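Comments concern the structure below.
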Amino acid sequence: MSILLDDVAFSYNLPKKDGRFIFEHVHAEFSPGHFYAVMGPSGSGKTTLMKLMSMELSPSAGAIHYDDKDITALSRQTLLQTRISRIYQDYLLVPYLSARDNVLLAAEILGKGRTSQDKDRAEELLHTVGLDTELWNQEVLSLSGGEQQRVAIARAIIRDTPVLLADEPTGSLDDENTMKIAQLLRDIAHERNRVVIACTHDIECARLADDILSIRNRGLVSLREEDNHA
Ligand SMILES: Nc1ncnc2c1ncn2[C@@H]1O[C@H](COP(=O)(O)OP(=O)(O)OP(=O)(O)O)[C@@H](O)[C@H]1O
């Protein structure tokens with residue numbers, strides 16, 4: 001599933017006359033099998049971009065296409081249930097459930113109840129993101145920020161959707177775990193032919209991306225294309 005941003009503009013404040021545009025004339029294409037990093041200073045619009053791509057916000061102008069379909073022709077519920085998984089900057093876990101149950105809940109919503117394969121997969125993912133086994137049954141409220149972040153990553157990945165949108169997925173992690181997660185995101189893109197987009201401040205995470213898009217002057221600039229033209 002590819003994503004195309006076609007001349008997208010966005011302002012939170014329209015129709016006020018002084019509405020400041022976060023984005024103007026944004027053109028970008030995201031293809032399956034690729035891991036993209038989106039970088040930009042705080043407040044430049046990284047989370048806003050994720051919200052536009054997941055229909056939480058609508059462009060003020062221009063269009064977003066999933067494959068060749070205008071996003072407005074899709075139902076938001078279908079898009080979020082079957083096509084897109086998100087890793088949220090503030091995790092959005094269910095605080096009173098265990099780490100394992102947070103991950104299983106995501107699989108359960110998509111499937112038909114809770115299967116033993118789901119349980120195996122949840123445990124495999126918790127292991128992959130490096131969460132100690134003794135923490136799997138603990139309420140996530142009692143976990144550290146970095147541990148919660150890794151539960152949120154496992155929860156998004158178990159859904160195995162064509163698109164994975166990750167907002168600061170390594171924001172609370174140390175260097176070792178940052179590299180592990182960046183590698184995991186890249187592997188998902190390459191091995192499962194997914195579109196993986198991570199908004200990040202972390203250059204170490206971005207280094208593993210196939211392309212880095214930088215938010216500049218309310219647009220998105222591909223550093224790979226810039227290199228090709230240099
Ligand atoms: N609901 C909202 N209403 C009005 N303005 C908003 C709203 N949400 C965000 N903004 C503004 O839009 C701009 C972009 O915000 P956004 O959260 O997308 O930035 P970001 O690049 O993700 O920042 P950070 O790196 O700090 O998380 C900021 O100036 C922010 O204040």
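Labels for the structure tokens follow display order: chains A, B, ..., residues from 1 in each chain, ligands from 1.
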
Within 6 Å of ligand 1: each chain A residue with its shortest pair, only C-alpha atoms and all ligand atoms, as a tab-separated table:
residue	atom	partner	partner_atom_place_in_ligand_line	distance
A:Tyr12	CA	ligand 1	4 (C)	4.9
A:Pro41	CA	ligand 1	25 (O)	6.0
A:Ser42	CA	ligand 1	25 (O)	3.5
A:Gly43	CA	ligand 1	19 (O)	3.5
A:Ser44	CA	ligand 1	21 (O)	4.0
A:Gly45	CA	ligand 1	18 (O)	3.2
A:Lys46	CA	ligand 1	22 (O)	3.8
A:Thr47	CA	ligand 1	22 (O)	3.8
A:Thr48	CA	ligand 1	18 (O)	3.7

For this session: From segment 31-124 of chain A, collect each residue whose DSSP state is strand (DSSP E) and return the set as a list in words.
Result: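 Everything in segment 31-124 of chain A that counts as strand (DSSP E) is His34, Phe35, Tyr36, Ala37, Val38, Met39, Ala61, Gly62, Ala63, Ile64, His65, Tyr66, Lys69, Asp70, Ile84, Ser85, Arg86 and Ile87 of chain A.
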
Exercise. With distances taken over only C-alpha atoms, which of A:Ala28, A:Ile3, A:Leu14, A:Ala63 is nearest to Glu225 of chain A?
Worked result: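 Of all the options, A:Ala28 lies closest to Glu225 of chain A.
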
Exercise. Can you list, as a PyMOL selection string, every protein, DNA or RNA residue that comes within 12 Å of Asp132 of chain A when you count only C-alpha atoms, leaving out same-chain residues fewer than 4 positions away?
Worked result: chain A and resi 99-100+123-128+136-138+143+147-148+150-151

Problem set entry | Non-local contacts of Ile157 of chain A (10 Å; only C-alpha atoms; under 6 positions in same chain excluded) as a list in words |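 With the cut-off at 10 Å, the set is Ser85, Arg86, Ile87, Val103, Ala106, Ala107, Ala122, Leu125, Val151, Leu164, Leu184, Leu185 and Ile188 of chain A.
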
Please dump the current selection as a short mmCIF file (atom, residue, chain, number, x, y, z; two decimals), in the first residue's frame; keep C-alpha atoms.
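And here's part20.cif as it stands now:
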data_model
loop_
_atom_site.label_atom_id
_atom_site.label_comp_id
_atom_site.auth_asym_id
_atom_site.auth_seq_id
_atom_site.Cartn_x
_atom_site.Cartn_y
_atom_site.Cartn_z
CA SER A 85 -1.05 0.94 13.06
CA ARG A 86 0.25 3.82 15.11
CA ILE A 87 2.87 4.11 17.81
CA VAL A 103 -0.39 -6.23 23.25
CA ALA A 106 -4.71 -5.10 19.88
CA ALA A 107 -4.63 -8.58 18.32
CA ALA A 122 2.65 -11.22 21.79
CA LEU A 125 7.23 -9.39 20.26
CA VAL A 151 5.03 -2.27 24.99
CA LEU A 164 3.04 1.60 10.48
CA LEU A 184 13.16 -3.71 13.99
CA LEU A 185 11.25 -0.96 12.14
CA ILE A 188 9.37 -4.81 9.20
#

Exercise. DSSP on the backbone: what in segment 175-207 of chain A comes out helix (DSSP H, G or I), as a list of chain:residue names?
Worked result: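 Here is the list: A:Asp175, A:Glu176, A:Asn177, A:Thr178, A:Met179, A:Lys180, A:Ile181, A:Ala182, A:Gln183, A:Leu184, A:Leu185, A:Arg186, A:Asp187, A:Ile188, A:Ala189, A:His190, A:Glu191, A:Arg192, A:Ile203, A:Glu204, A:Cys205, A:Ala206.
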
Let me see the file: selected residues, C-alpha atoms, as a short mmCIF file (atom, residue, chain, number, x, y, z; two decimals), in the first residue's frame.
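So the final result, stored in part01.cif, reads:
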data_model
loop_
_atom_site.label_atom_id
_atom_site.label_comp_id
_atom_site.auth_asym_id
_atom_site.auth_seq_id
_atom_site.Cartn_x
_atom_site.Cartn_y
_atom_site.Cartn_z
CA ASP A 175 21.16 4.05 22.78
CA GLU A 176 21.13 0.25 22.77
CA ASN A 177 17.34 -0.02 22.69
CA THR A 178 17.11 2.81 20.13
CA MET A 179 19.26 0.82 17.72
CA LYS A 180 17.27 -2.36 18.40
CA ILE A 181 13.94 -0.62 17.68
CA ALA A 182 15.23 1.25 14.60
CA GLN A 183 16.51 -2.07 13.24
CA LEU A 184 13.16 -3.71 13.99
CA LEU A 185 11.25 -0.96 12.14
CA ARG A 186 13.56 -1.30 9.16
CA ASP A 187 13.18 -5.10 9.16
CA ILE A 188 9.37 -4.81 9.20
CA ALA A 189 9.50 -2.51 6.17
CA HIS A 190 11.96 -4.65 4.23
CA GLU A 191 10.93 -8.17 5.18
CA ARG A 192 7.15 -7.70 5.35
CA ILE A 203 19.62 10.87 14.23
CA GLU A 204 20.75 7.35 15.22
CA CYS A 205 17.25 6.05 14.49
CA ALA A 206 17.00 8.08 11.27
#

Problem set entry | Within 6 Å of segment 53-61 of chain A using only C-alpha atoms, minus same-chain residues under 2 positions, as a ChimeraX atom specification | /A:8-10,50-51

Exercise. If we count only C-alpha atoms, what is near Ala37 of chain A at a cut-off of 9 Å, once residues fewer than 6 positions away on the same chain are taken out, given as a ChimeraX atom specification?
Worked result: /A:196-200,205-214

Store the residues picked out above in a file with C-alpha atoms, as a short mmCIF file (atom, residue, chain, number, x, y, z; two decimals), in the first residue's frame.
data_model
loop_
_atom_site.label_atom_id
_atom_site.label_comp_id
_atom_site.auth_asym_id
_atom_site.auth_seq_id
_atom_site.Cartn_x
_atom_site.Cartn_y
_atom_site.Cartn_z
CA VAL A 196 7.05 2.31 7.96
CA ILE A 197 7.27 6.02 8.79
CA ALA A 198 8.92 7.21 12.00
CA CYS A 199 8.88 10.83 13.14
CA THR A 200 12.02 11.24 15.16
CA CYS A 205 17.25 6.05 14.49
CA ALA A 206 17.00 8.08 11.27
CA ARG A 207 20.35 6.78 10.05
CA LEU A 208 18.80 3.35 9.49
CA ALA A 209 15.99 4.76 7.32
CA ASP A 210 15.93 4.31 3.54
CA ASP A 211 15.08 8.00 3.23
CA ILE A 212 14.95 10.94 5.61
CA LEU A 213 12.32 13.61 5.03
CA SER A 214 13.02 16.92 6.64
#

For this session: Measure the distance from atom CA of Val129 of chain A to atom CA of Arg224 of chain A in Å and round it to one decimal.
Result: 28.6 Å
